[in-house]
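Engineer: After the structure tokens below, expect a handful of questions from me.
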Amino acid sequence: MASVAAITRALLSKNVINTGRFAAASNTSLIKFYSTAPEYENIKVDIVGAKKNVGLIQLNRPKALNALCNALFKELGKAVIDFDADEKISAIVITGNEKAFAAGADIKEMQNNNYSSNAKTGFLKEWEDISNCGKPIIAAVNGFALGGGCELAMLCDIIYAGEKAKFGQPEINIGTIPGAGGTQRLPRYVGKSKAMEIVLTGNFIDALEAEKMGLVSRVFPVEKLLEETIKLAERIGTHSPLIVKLAKQSVNQAYETTLKSGLQYEKSIFYGTFATEDRKEGMSAFVEKRPPNFKNN
């Protein structure tokens, strides 16, 4: 989970990456509505959508390409926990800026760590706040999502990408390996062979290739990405929050168990929905040909 902000800058300076391909789009009107909460220094938060039911979090360390320092991740975890607890919020969107979603962790912050300090402090434990969230989290990735940035995107339930996005796990270049899920989630998404190639070479993959291999759900023009991601979150918000949470748990279980155990888990959740008022309302509305009125119970 390395910070590749420094690596990226080095590569750019050596012309390894064609800088012309990563010019930020001039249309930034979609992110002008962000408000900065007083307690946050490294992120911006807002509530958006026509029904104000989408929690929006923007990583906000532009000079460091949104490198994921510990302070940023603590703030991100708090924002996710708060949105998860807010009954008015149906889904959460995490994004960066047009140049970088997040270009890894902060190498300067971690370079003097040692095994003992990592083990004693539970280094990276704050990342669990994202994976433990019960509500759907959607990553809107423009620009670089490298190292920890790629791992953060994979912590989310759905990834939408701008057409200029770049994904990668370049930790091998600085003498370490991914430490926040890169070696575990990536093979589950793209298969062993492709994951090995990405992790062992440190090579980047573009948005279209990421979509082709199943890492990304959809690719949009840079200026349309956030708008389309919010639309997706709003669409999810039209369903029963309780059933959405159960559906997310059931899909995630597929990555944690055998097929037989997963099918048993799915069946138990499916049966359980028949004890909910929202299941009754959903089926009644379908039969009566009217919109459902879900109550989250």
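Identifiers in this document derive from the order of the structure tokens: chains are assigned A, B, ..., residues are numbered from 1 separately in each chain, and ligands are numbered from 1 in order of occurrence.
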Check segment 3-226 of chain A with DSSP on the backbone and list each residue it calls strand (DSSP E), as an MDAnalysis selection string.

Structural biologist: chainID A and resid 43:48 54:59 91:95 100:102 137:141 144:146 158:162 166:168 204:206 218:220

Engineer: Report as JSON lines: every residue of segment 79-169 of chain A with an atom at most 9 Å from segment 210-233 of chain A, its closest pair of atoms, and their distance in Å to one decimal, counting only C-alpha atoms, with rows sorted by chain and ascending residue number.

Structural biologist:
```
{"residue": "A:Ser90", "atom": "CA", "partner": "A:Ala233", "partner_atom": "CA", "distance": 7.5}
{"residue": "A:Ala91", "atom": "CA", "partner": "A:Ala233", "partner_atom": "CA", "distance": 5.5}
{"residue": "A:Ile92", "atom": "CA", "partner": "A:Ala233", "partner_atom": "CA", "distance": 7.1}
{"residue": "A:Val93", "atom": "CA", "partner": "A:Ile230", "partner_atom": "CA", "distance": 7.2}
{"residue": "A:Thr95", "atom": "CA", "partner": "A:Leu226", "partner_atom": "CA", "distance": 8.0}
{"residue": "A:Glu98", "atom": "CA", "partner": "A:Val222", "partner_atom": "CA", "distance": 7.2}
{"residue": "A:Pro136", "atom": "CA", "partner": "A:Ala233", "partner_atom": "CA", "distance": 8.2}
{"residue": "A:Ile137", "atom": "CA", "partner": "A:Ala233", "partner_atom": "CA", "distance": 8.5}
{"residue": "A:Ile138", "atom": "CA", "partner": "A:Thr229", "partner_atom": "CA", "distance": 7.3}
{"residue": "A:Ala139", "atom": "CA", "partner": "A:Thr229", "partner_atom": "CA", "distance": 8.0}
{"residue": "A:Ala140", "atom": "CA", "partner": "A:Leu226", "partner_atom": "CA", "distance": 6.3}
{"residue": "A:Val141", "atom": "CA", "partner": "A:Leu225", "partner_atom": "CA", "distance": 7.9}
{"residue": "A:Asn142", "atom": "CA", "partner": "A:Val222", "partner_atom": "CA", "distance": 6.7}
{"residue": "A:Gly143", "atom": "CA", "partner": "A:Val222", "partner_atom": "CA", "distance": 8.9}
{"residue": "A:Met154", "atom": "CA", "partner": "A:Leu215", "partner_atom": "CA", "distance": 8.0}
{"residue": "A:Ile158", "atom": "CA", "partner": "A:Ser217", "partner_atom": "CA", "distance": 6.7}
{"residue": "A:Ile159", "atom": "CA", "partner": "A:Val216", "partner_atom": "CA", "distance": 5.1}
{"residue": "A:Tyr160", "atom": "CA", "partner": "A:Arg218", "partner_atom": "CA", "distance": 5.2}
{"residue": "A:Ala161", "atom": "CA", "partner": "A:Val219", "partner_atom": "CA", "distance": 4.9}
{"residue": "A:Gly162", "atom": "CA", "partner": "A:Val222", "partner_atom": "CA", "distance": 4.6}
{"residue": "A:Glu163", "atom": "CA", "partner": "A:Pro221", "partner_atom": "CA", "distance": 5.4}
{"residue": "A:Lys164", "atom": "CA", "partner": "A:Val222", "partner_atom": "CA", "distance": 7.0}
{"residue": "A:Ala165", "atom": "CA", "partner": "A:Val222", "partner_atom": "CA", "distance": 8.6}
{"residue": "A:Lys166", "atom": "CA", "partner": "A:Ala210", "partner_atom": "CA", "distance": 8.6}
{"residue": "A:Phe167", "atom": "CA", "partner": "A:Ala210", "partner_atom": "CA", "distance": 7.6}
```

Engineer: Between segment 105-205 of chain A and segment 55-74 of chain A, at 12 Å or less, what are the per-residue closest atom pairs and their distances in Å? Count only C-alpha atoms, order by chain and rising residue number, and return it as JSON lines.

Structural biologist:
```
{"residue": "A:Ala105", "atom": "CA", "partner": "A:Leu68", "partner_atom": "CA", "distance": 4.3}
{"residue": "A:Asp106", "atom": "CA", "partner": "A:Cys69", "partner_atom": "CA", "distance": 5.0}
{"residue": "A:Ile107", "atom": "CA", "partner": "A:Cys69", "partner_atom": "CA", "distance": 8.5}
{"residue": "A:Lys108", "atom": "CA", "partner": "A:Cys69", "partner_atom": "CA", "distance": 9.2}
{"residue": "A:Glu109", "atom": "CA", "partner": "A:Cys69", "partner_atom": "CA", "distance": 7.0}
{"residue": "A:Met110", "atom": "CA", "partner": "A:Cys69", "partner_atom": "CA", "distance": 8.8}
{"residue": "A:Phe123", "atom": "CA", "partner": "A:Asn70", "partner_atom": "CA", "distance": 9.2}
{"residue": "A:Leu124", "atom": "CA", "partner": "A:Asn70", "partner_atom": "CA", "distance": 8.1}
{"residue": "A:Lys125", "atom": "CA", "partner": "A:Lys74", "partner_atom": "CA", "distance": 9.7}
{"residue": "A:Glu126", "atom": "CA", "partner": "A:Lys74", "partner_atom": "CA", "distance": 6.2}
{"residue": "A:Trp127", "atom": "CA", "partner": "A:Phe73", "partner_atom": "CA", "distance": 7.2}
{"residue": "A:Glu128", "atom": "CA", "partner": "A:Phe73", "partner_atom": "CA", "distance": 10.3}
{"residue": "A:Asp129", "atom": "CA", "partner": "A:Lys74", "partner_atom": "CA", "distance": 8.9}
{"residue": "A:Ile130", "atom": "CA", "partner": "A:Phe73", "partner_atom": "CA", "distance": 9.6}
{"residue": "A:Lys135", "atom": "CA", "partner": "A:Gly55", "partner_atom": "CA", "distance": 10.4}
{"residue": "A:Pro136", "atom": "CA", "partner": "A:Gly55", "partner_atom": "CA", "distance": 10.5}
{"residue": "A:Ile137", "atom": "CA", "partner": "A:Gly55", "partner_atom": "CA", "distance": 9.3}
{"residue": "A:Ile138", "atom": "CA", "partner": "A:Leu56", "partner_atom": "CA", "distance": 9.7}
{"residue": "A:Ala139", "atom": "CA", "partner": "A:Ile57", "partner_atom": "CA", "distance": 9.8}
{"residue": "A:Ala140", "atom": "CA", "partner": "A:Gln58", "partner_atom": "CA", "distance": 9.6}
{"residue": "A:Val141", "atom": "CA", "partner": "A:Gln58", "partner_atom": "CA", "distance": 10.8}
{"residue": "A:Asn142", "atom": "CA", "partner": "A:Leu65", "partner_atom": "CA", "distance": 11.4}
{"residue": "A:Gly143", "atom": "CA", "partner": "A:Leu65", "partner_atom": "CA", "distance": 9.4}
{"residue": "A:Phe144", "atom": "CA", "partner": "A:Leu65", "partner_atom": "CA", "distance": 8.1}
{"residue": "A:Ala145", "atom": "CA", "partner": "A:Asn66", "partner_atom": "CA", "distance": 9.6}
{"residue": "A:Leu146", "atom": "CA", "partner": "A:Ala67", "partner_atom": "CA", "distance": 9.6}
{"residue": "A:Gly147", "atom": "CA", "partner": "A:Ala67", "partner_atom": "CA", "distance": 9.7}
{"residue": "A:Gly148", "atom": "CA", "partner": "A:Leu68", "partner_atom": "CA", "distance": 7.1}
{"residue": "A:Gly149", "atom": "CA", "partner": "A:Leu68", "partner_atom": "CA", "distance": 7.5}
{"residue": "A:Cys150", "atom": "CA", "partner": "A:Leu68", "partner_atom": "CA", "distance": 11.1}
{"residue": "A:Glu151", "atom": "CA", "partner": "A:Leu68", "partner_atom": "CA", "distance": 10.9}
{"residue": "A:Leu152", "atom": "CA", "partner": "A:Leu68", "partner_atom": "CA", "distance": 9.4}
{"residue": "A:Ala180", "atom": "CA", "partner": "A:Leu68", "partner_atom": "CA", "distance": 11.7}
```

Engineer: Please measure the separation of atom CA of Leu242 of chain A and atom CA of Lys78 of chain A, giving the value in Å to one decimal.

Structural biologist: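 Atom CA of Lys78 of chain A lies 21.9 Å from atom CA of Leu242 of chain A.
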
Engineer: Identify, on the basis of only C-alpha atoms, every residue whose closest approach to Lys52 of chain A does not exceed 10 Å; exclude the query and any residue fewer than 6 positions from it along the same chain; express the result as a VMD selection string.

Structural biologist: chain A and resid 46 88 to 90 234

Engineer: Save the residues we just selected, C-alpha atoms, as a short mmCIF file (atom, residue, chain, number, x, y, z; two decimals), in the first residue's frame?

Structural biologist:
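The file below, selection39.cif, is the result:
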```cif
data_model
loop_
_atom_site.label_atom_id
_atom_site.label_comp_id
_atom_site.auth_asym_id
_atom_site.auth_seq_id
_atom_site.Cartn_x
_atom_site.Cartn_y
_atom_site.Cartn_z
CA ASP A 46 -21.39 17.17 1.58
CA LYS A 88 -31.30 9.91 5.81
CA ILE A 89 -28.22 8.72 3.87
CA SER A 90 -28.77 5.82 1.45
CA GLU A 234 -29.61 7.93 -5.94
#
```

Engineer: Taking only C-alpha atoms into account, name the residue in A:Gly181, A:Gly134, A:Gly282, A:Gly202 that is nearest to Gln169 of chain A.

Structural biologist: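 The closest residue to Gln169 of chain A is A:Gly202.
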
Engineer: Residues near segment 255-262 of chain A, anyone? I mean within 9 Å using only C-alpha atoms, not counting same-chain ones fewer than 5 positions away, as a ChimeraX atom specification.

Structural biologist: /A:185,188,250,267

Engineer: Rank nothing, just name the residue among A:Gly237, A:Leu200, A:Val80, A:Glu288 nearest to Thr176 of chain A, using only C-alpha atoms.

Structural biologist: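 Between A:Gly237, A:Leu200, A:Val80, A:Glu288, the residue approaching Thr176 of chain A most closely is A:Leu200.
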
Engineer: Just list as a list in words whatever in segment 48-97 of chain A DSSP marks as alpha helix (DSSP H).

Structural biologist: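 Those in segment 48-97 of chain A that DSSP calls alpha helix (DSSP H) are Asn70, Ala71, Leu72, Phe73, Lys74, Glu75, Leu76, Gly77, Lys78, Ala79, Val80, Ile81, Asp82, Phe83, Asp84 and Ala85 of chain A.
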
Engineer: Generate a file of the selected residues that holds N, CA, C and O atoms, formatted as a JSON list (two decimals), in the first residue's frame.

Structural biologist:
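Ended up saving to again.json:
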```json
[["chain", "number", "residue", "atom", "x", "y", "z"],
["A", 70, "ASN", "N", -2.14, 9.26, 7.62],
["A", 70, "ASN", "CA", -2.94, 8.72, 8.71],
["A", 70, "ASN", "C", -4.07, 9.66, 9.11],
["A", 70, "ASN", "O", -5.20, 9.24, 9.39],
["A", 71, "ALA", "N", -3.77, 10.95, 9.14],
["A", 71, "ALA", "CA", -4.79, 11.94, 9.53],
["A", 71, "ALA", "C", -5.96, 11.93, 8.55],
["A", 71, "ALA", "O", -7.12, 12.01, 8.94],
["A", 72, "LEU", "N", -5.65, 11.83, 7.26],
["A", 72, "LEU", "CA", -6.70, 11.77, 6.25],
["A", 72, "LEU", "C", -7.57, 10.54, 6.47],
["A", 72, "LEU", "O", -8.81, 10.62, 6.42],
["A", 73, "PHE", "N", -6.94, 9.40, 6.72],
["A", 73, "PHE", "CA", -7.75, 8.19, 6.83],
["A", 73, "PHE", "C", -8.59, 8.18, 8.10],
["A", 73, "PHE", "O", -9.70, 7.62, 8.13],
["A", 74, "LYS", "N", -8.11, 8.79, 9.15],
["A", 74, "LYS", "CA", -8.93, 8.91, 10.35],
["A", 74, "LYS", "C", -10.16, 9.77, 10.08],
["A", 74, "LYS", "O", -11.27, 9.45, 10.52],
["A", 75, "GLU", "N", -9.96, 10.86, 9.35],
["A", 75, "GLU", "CA", -11.09, 11.71, 8.98],
["A", 75, "GLU", "C", -12.05, 10.98, 8.05],
["A", 75, "GLU", "O", -13.28, 11.08, 8.21],
["A", 76, "LEU", "N", -11.50, 10.26, 7.10],
["A", 76, "LEU", "CA", -12.33, 9.50, 6.16],
["A", 76, "LEU", "C", -13.16, 8.47, 6.91],
["A", 76, "LEU", "O", -14.37, 8.32, 6.67],
["A", 77, "GLY", "N", -12.52, 7.76, 7.84],
["A", 77, "GLY", "CA", -13.24, 6.76, 8.62],
["A", 77, "GLY", "C", -14.36, 7.37, 9.43],
["A", 77, "GLY", "O", -15.47, 6.82, 9.50],
["A", 78, "LYS", "N", -14.10, 8.53, 10.03],
["A", 78, "LYS", "CA", -15.13, 9.20, 10.83],
["A", 78, "LYS", "C", -16.30, 9.63, 9.95],
["A", 78, "LYS", "O", -17.47, 9.46, 10.32],
["A", 79, "ALA", "N", -15.99, 10.18, 8.77],
["A", 79, "ALA", "CA", -17.05, 10.62, 7.86],
["A", 79, "ALA", "C", -17.90, 9.44, 7.41],
["A", 79, "ALA", "O", -19.14, 9.54, 7.34],
["A", 80, "VAL", "N", -17.26, 8.31, 7.10],
["A", 80, "VAL", "CA", -18.00, 7.11, 6.69],
["A", 80, "VAL", "C", -18.88, 6.60, 7.82],
["A", 80, "VAL", "O", -20.06, 6.27, 7.62],
["A", 81, "ILE", "N", -18.33, 6.55, 9.03],
["A", 81, "ILE", "CA", -19.11, 6.09, 10.19],
["A", 81, "ILE", "C", -20.32, 7.00, 10.42],
["A", 81, "ILE", "O", -21.43, 6.53, 10.68],
["A", 82, "ASP", "N", -20.10, 8.31, 10.31],
["A", 82, "ASP", "CA", -21.21, 9.26, 10.52],
["A", 82, "ASP", "C", -22.29, 9.09, 9.46],
["A", 82, "ASP", "O", -23.48, 9.10, 9.77],
["A", 83, "PHE", "N", -21.90, 8.95, 8.21],
["A", 83, "PHE", "CA", -22.89, 8.75, 7.15],
["A", 83, "PHE", "C", -23.61, 7.41, 7.32],
["A", 83, "PHE", "O", -24.80, 7.30, 7.05],
["A", 84, "ASP", "N", -22.88, 6.40, 7.76],
["A", 84, "ASP", "CA", -23.48, 5.08, 7.96],
["A", 84, "ASP", "C", -24.56, 5.13, 9.05],
["A", 84, "ASP", "O", -25.56, 4.41, 8.98],
["A", 85, "ALA", "N", -24.35, 5.99, 10.03],
["A", 85, "ALA", "CA", -25.29, 6.11, 11.15],
["A", 85, "ALA", "C", -26.46, 7.04, 10.84],
["A", 85, "ALA", "O", -27.45, 7.05, 11.57]]
```

Engineer: Rank A:Lys280, A:Phe294, A:Arg235, A:Lys245 by their smallest atom-to-atom distance to Lys51 of chain A, using only C-alpha atoms, and report the top residue only.

Structural biologist: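 Of A:Lys280, A:Phe294, A:Arg235, A:Lys245, the one nearest Lys51 of chain A is A:Arg235, counting only C-alpha atoms.
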
Engineer: Work out how far atom CA of Ala119 of chain A is from atom CA of Asn203 of chain A, in Å to one decimal.

Structural biologist: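 Atom-to-atom, atom CA of Asn203 of chain A to atom CA of Ala119 of chain A, that is 29.3 Å.
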
Engineer: So that I can check the surroundings of Thr276 of chain A, please list as a list in words every protein, DNA and RNA residue that reaches within 12 Å of it, counting only C-alpha atoms and ignoring chain neighbours fewer than 3 positions away.

Structural biologist: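 Everything that qualifies: Ser240, Pro241, Leu242, Ile243, Leu246, Ile269, Phe270, Tyr271, Gly272, Thr273, Arg279, Lys280, Glu281, Gly282, Met283, Phe294, Lys295, Asn296 and Asn297 of chain A.
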
Engineer: Kindly export the residues of the current selection with C-alpha atoms, as a JSON list (two decimals), in the first residue's frame.

Structural biologist:
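Result file is selection-v3.json:
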```json
[["chain", "number", "residue", "atom", "x", "y", "z"],
["A", 240, "SER", "CA", -35.37, -0.39, 0.96],
["A", 241, "PRO", "CA", -32.28, 0.57, 3.02],
["A", 242, "LEU", "CA", -32.65, -2.61, 5.06],
["A", 243, "ILE", "CA", -32.81, -4.88, 2.01],
["A", 246, "LEU", "CA", -28.73, -7.36, 3.44],
["A", 269, "ILE", "CA", -30.92, -13.96, 4.18],
["A", 270, "PHE", "CA", -33.54, -14.49, 1.48],
["A", 271, "TYR", "CA", -35.82, -16.27, 3.94],
["A", 272, "GLY", "CA", -35.17, -13.53, 6.46],
["A", 273, "THR", "CA", -36.46, -10.83, 4.12],
["A", 279, "ARG", "CA", -40.56, -7.18, 1.61],
["A", 280, "LYS", "CA", -44.33, -7.19, 2.12],
["A", 281, "GLU", "CA", -44.61, -3.64, 0.78],
["A", 282, "GLY", "CA", -42.38, -4.33, -2.21],
["A", 283, "MET", "CA", -44.32, -7.37, -3.37],
["A", 294, "PHE", "CA", -40.35, 1.43, 1.92],
["A", 295, "LYS", "CA", -40.02, 2.10, 5.68],
["A", 296, "ASN", "CA", -36.63, 0.45, 6.39],
["A", 297, "ASN", "CA", -38.11, -2.28, 8.56]]
```

Engineer: For the atom pair atom CA of Val199 of chain A and atom CA of Ala102 of chain A, what is the interatomic distance in Å to one decimal place?

Structural biologist: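 According to the coordinates, atom CA of Val199 of chain A and atom CA of Ala102 of chain A are separated by 17.5 Å.
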